[in-house]
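Below is one structure, written out as structure tokens, with a few remarks after it.
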Amino acid sequence: MDSLINYVRSTSLRNRIFFGLSIFCPLAFISKYSFSNNPTLIFCTAILAIVPLAAFATEATESVAQYCGNFFGGFLNSGLGNVAELIFTIVALRKGLINVVKASILGAVTSNVCVGVGLALFFGGLRFKEQTFGEKLAGINAASLTCLIIVILCPSALKISLGSDVMTSKIMRRFSYVSALILFILGILNIIFAWKTHSYLYTADIKRKTETKRRAQTALSMMALDRSPSPLHSPSNHESIIEIEPKKPVQFYLLIKDISSLILTTILIVCLCQFIVDSLEGAIEQLHISSSFTAAIILPLVSAIIEFTTCISCALKNKIELTVTQNSTSQILCFIAPITLAASNFIFYKESNDETNIGLDFDFKPYDLISTIFSVAICNSVLNGNSNWMQGIQLLLAYGTIATGFFYMPF
């Protein structure tokens, strides 16, 4: 017991919070099987239990990626970085909650671009008066995110323009398949661009900051010795800016432990997502909130808590460039949305009268459409190469306004 207490005390505040929230995991199972007539209790405990499990899954994924090489490790991080969102959408599809799945996809995008970036800019601006990152990288990310939003929202925009009489459900589903295929292709091309052909763009800011810090330390040491720096003490152009750590040797027992932890946490997340979906309708009735607010605001915020803490941590370390790349948002649009659309074909089958059940498509509600466009627009406008705390406040207040609109939606 003493060793456990010492271990908790030695960890960071972030890990202490997640360790404390892990108590909700057994409470969620107790609530499900002992208090099955209280859906609100099941819903709340399951949501709180997902937070530490998502953190443990992220740490296990990063540990496994260290042994798998750069390409496979990056692919593993991209595929499992949003495991909670992907599992929830699949489980919700099995339940037939089509509108909840649609709202959660765009809600995750809105929360990432407004809350994730907003928190990073705000807390980073409180510690540093102004933070800088490459304008070229910011422009590339803004163009990529805008392109993805155009692709996923075009089916809805066409239906609004033509009307439901012309834009039938059959045409909508076909257009959604085309959009999903384009999104997946763009995701693959983004990986090739970021990892292979133009990887230097994503490390330029880190190299620049490391070089500036090293030169400042050299200047301070020269001042302390009361002599001017000589060419022998100044870093040459051919000197490596970032020290490359030796490749980590493969330790199979640690690899097996990390893989086992990843499998166990994934199974628990699947169970908790099933609890959330089963208790969702009852909790909405007891709490008197709309399903749109729950799907577009509450669930994405809970699923992305790990990413929010990571964004704040990077911003406080003056690594703001790591938070403005929108990797998680691109993963949701390029992989989770197409995979969910493809999975709906295997979950919903034809009935005996040859009429298909209601399946998933990219036909979003008008307010979902407008809120996503506005959130991406304001995020792209503030990411101009320099950041401060005021820009973070603007993003957070914009998201608060969007969330208020979802709160007053009656359905």
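Letters A, B, ... mark the chains of the structure tokens in the order given; residue numbers begin at 1 per chain; ligand numbers begin at 1, in order shown.
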Quiz item: Skipping near chain neighbours, those fewer than 3 positions away, what residues fall within 10 Å of Ser313 (chain A) using only C-alpha atoms, listed as a PyMOL selection string?
Solution: chain A and resi 14+120+123-124+307-310+316-320+323
Exercise. Do a neighbour search on Ala55 (chain A) at 7 Å with only C-alpha atoms, toss out local chain neighbours closer than 4 positions, and write the hits as a PyMOL selection string.
Key: chain A and resi 51+59+306
Exercise. For Ala143 (chain A), list every protein, DNA or RNA residue within 12 Å, evaluated using only C-alpha atoms, and leave out those in the same chain fewer than 2 positions away; present the list as a ChimeraX atom specification.
Key: /A:136-141,145-150,190,325-326,330,376-377,379-381,383
Would you write out those residues with N, CA, C and O atoms, as an mmCIF file, in the first residue's frame?
data_model
loop_
_atom_site.group_PDB
_atom_site.id
_atom_site.type_symbol
_atom_site.label_atom_id
_atom_site.label_comp_id
_atom_site.auth_asym_id
_atom_site.auth_seq_id
_atom_site.Cartn_x
_atom_site.Cartn_y
_atom_site.Cartn_z
ATOM 1 N N LYS A 136 4.145 28.944 -43.049
ATOM 2 C CA LYS A 136 3.935 28.008 -44.145
ATOM 3 C C LYS A 136 3.192 26.768 -43.666
ATOM 4 O O LYS A 136 2.254 26.289 -44.314
ATOM 5 N N LEU A 137 3.592 26.249 -42.489
ATOM 6 C CA LEU A 137 2.910 25.082 -41.936
ATOM 7 C C LEU A 137 1.475 25.409 -41.566
ATOM 8 O O LEU A 137 0.566 24.605 -41.790
ATOM 9 N N ALA A 138 1.244 26.603 -41.002
ATOM 10 C CA ALA A 138 -0.117 27.009 -40.655
ATOM 11 C C ALA A 138 -0.996 27.115 -41.895
ATOM 12 O O ALA A 138 -2.165 26.708 -41.880
ATOM 13 N N GLY A 139 -0.436 27.642 -42.993
ATOM 14 C CA GLY A 139 -1.205 27.731 -44.225
ATOM 15 C C GLY A 139 -1.536 26.372 -44.810
ATOM 16 O O GLY A 139 -2.647 26.155 -45.306
ATOM 17 N N ILE A 140 -0.575 25.447 -44.749
ATOM 18 C CA ILE A 140 -0.827 24.094 -45.252
ATOM 19 C C ILE A 140 -1.920 23.412 -44.441
ATOM 20 O O ILE A 140 -2.828 22.778 -44.996
ATOM 21 N N ASN A 141 -1.859 23.521 -43.122
ATOM 22 C CA ASN A 141 -2.867 22.890 -42.274
ATOM 23 C C ASN A 141 -4.238 23.518 -42.481
ATOM 24 O O ASN A 141 -5.254 22.816 -42.489
ATOM 25 N N LEU A 145 -7.406 21.363 -43.799
ATOM 26 C CA LEU A 145 -8.626 21.247 -43.004
ATOM 27 C C LEU A 145 -9.830 21.789 -43.765
ATOM 28 O O LEU A 145 -10.916 21.199 -43.730
ATOM 29 N N THR A 146 -9.650 22.905 -44.469
ATOM 30 C CA THR A 146 -10.749 23.464 -45.261
ATOM 31 C C THR A 146 -11.176 22.507 -46.361
ATOM 32 O O THR A 146 -12.376 22.329 -46.619
ATOM 33 N N CYS A 147 -10.213 21.865 -46.999
ATOM 34 C CA CYS A 147 -10.531 20.910 -48.060
ATOM 35 C C CYS A 147 -11.329 19.730 -47.508
ATOM 36 O O CYS A 147 -12.314 19.290 -48.118
ATOM 37 N N LEU A 148 -10.927 19.212 -46.353
ATOM 38 C CA LEU A 148 -11.638 18.084 -45.748
ATOM 39 C C LEU A 148 -13.070 18.466 -45.378
ATOM 40 O O LEU A 148 -14.008 17.678 -45.567
ATOM 41 N N ILE A 149 -13.241 19.673 -44.844
ATOM 42 C CA ILE A 149 -14.580 20.134 -44.466
ATOM 43 C C ILE A 149 -15.459 20.283 -45.699
ATOM 44 O O ILE A 149 -16.652 19.941 -45.693
ATOM 45 N N ILE A 150 -14.901 20.793 -46.790
ATOM 46 C CA ILE A 150 -15.674 20.934 -48.030
ATOM 47 C C ILE A 150 -16.152 19.573 -48.516
ATOM 48 O O ILE A 150 -17.309 19.403 -48.924
ATOM 49 N N ASN A 190 -2.089 12.895 -47.083
ATOM 50 C CA ASN A 190 -1.557 13.713 -45.994
ATOM 51 C C ASN A 190 -0.458 12.981 -45.231
ATOM 52 O O ASN A 190 0.532 13.595 -44.808
ATOM 53 N N THR A 325 -1.263 21.538 -35.745
ATOM 54 C CA THR A 325 -1.243 20.696 -36.940
ATOM 55 C C THR A 325 -2.565 19.997 -37.189
ATOM 56 O O THR A 325 -2.792 19.467 -38.280
ATOM 57 N N GLN A 326 -3.445 19.937 -36.188
ATOM 58 C CA GLN A 326 -4.784 19.369 -36.342
ATOM 59 C C GLN A 326 -4.737 17.906 -36.802
ATOM 60 O O GLN A 326 -5.506 17.476 -37.662
ATOM 61 N N SER A 330 -7.876 15.728 -38.520
ATOM 62 C CA SER A 330 -7.704 15.062 -39.813
ATOM 63 C C SER A 330 -7.999 13.574 -39.720
ATOM 64 O O SER A 330 -8.575 12.978 -40.638
ATOM 65 N N VAL A 376 -14.221 26.127 -38.079
ATOM 66 C CA VAL A 376 -13.017 25.988 -38.904
ATOM 67 C C VAL A 376 -12.554 27.347 -39.415
ATOM 68 O O VAL A 376 -11.346 27.627 -39.472
ATOM 69 N N ALA A 377 -13.492 28.217 -39.757
ATOM 70 C CA ALA A 377 -13.130 29.540 -40.275
ATOM 71 C C ALA A 377 -12.407 30.366 -39.221
ATOM 72 O O ALA A 377 -11.366 30.980 -39.502
ATOM 73 N N CYS A 379 -10.842 29.251 -36.556
ATOM 74 C CA CYS A 379 -9.573 28.604 -36.221
ATOM 75 C C CYS A 379 -8.511 28.936 -37.259
ATOM 76 O O CYS A 379 -7.363 29.258 -36.909
ATOM 77 N N ASN A 380 -8.862 28.888 -38.530
ATOM 78 C CA ASN A 380 -7.900 29.219 -39.582
ATOM 79 C C ASN A 380 -7.507 30.690 -39.544
ATOM 80 O O ASN A 380 -6.378 31.052 -39.912
ATOM 81 N N SER A 381 -8.411 31.555 -39.092
ATOM 82 C CA SER A 381 -8.117 32.989 -39.077
ATOM 83 C C SER A 381 -7.136 33.367 -37.974
ATOM 84 O O SER A 381 -6.351 34.301 -38.141
ATOM 85 N N LEU A 383 -4.788 31.301 -36.642
ATOM 86 C CA LEU A 383 -3.506 30.615 -36.799
ATOM 87 C C LEU A 383 -2.737 31.244 -37.953
ATOM 88 O O LEU A 383 -2.713 30.751 -39.076
#
Quiz prompt | Who sits within 10 Å of region 272-285 of chain A, only C-alpha atoms, same chain under 6 positions skipped, as a PyMOL selection string | solution = chain A and resi 25+28-29+31-32+36-50+53+84-85+87-97+100+266+291+293-295+299
Exercise. Skip Ile402 (chain A) itself and residues of its chain fewer than 4 positions away, then list as a PyMOL selection string all residues within 7 Å of it, counting only C-alpha atoms.
Key: chain A and resi 371+398+406
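Considering only C-alpha atoms, the residue among A:Leu106, A:Leu262, A:Leu21, A:Val101 positioned nearest to Ser344 (chain A) is A:Val101.
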Quiz prompt | Which residue of A:Ala296, A:Asp363, A:Ile289, A:Ile256 approaches Thr168 (chain A) most closely, using only C-alpha atoms | solution =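 Smallest separation from Thr168 (chain A) among the options: A:Asp363.
Interatomic distance, CA of Leu201 (chain A) to CA of Asn384 (chain A): 15.7 Å.
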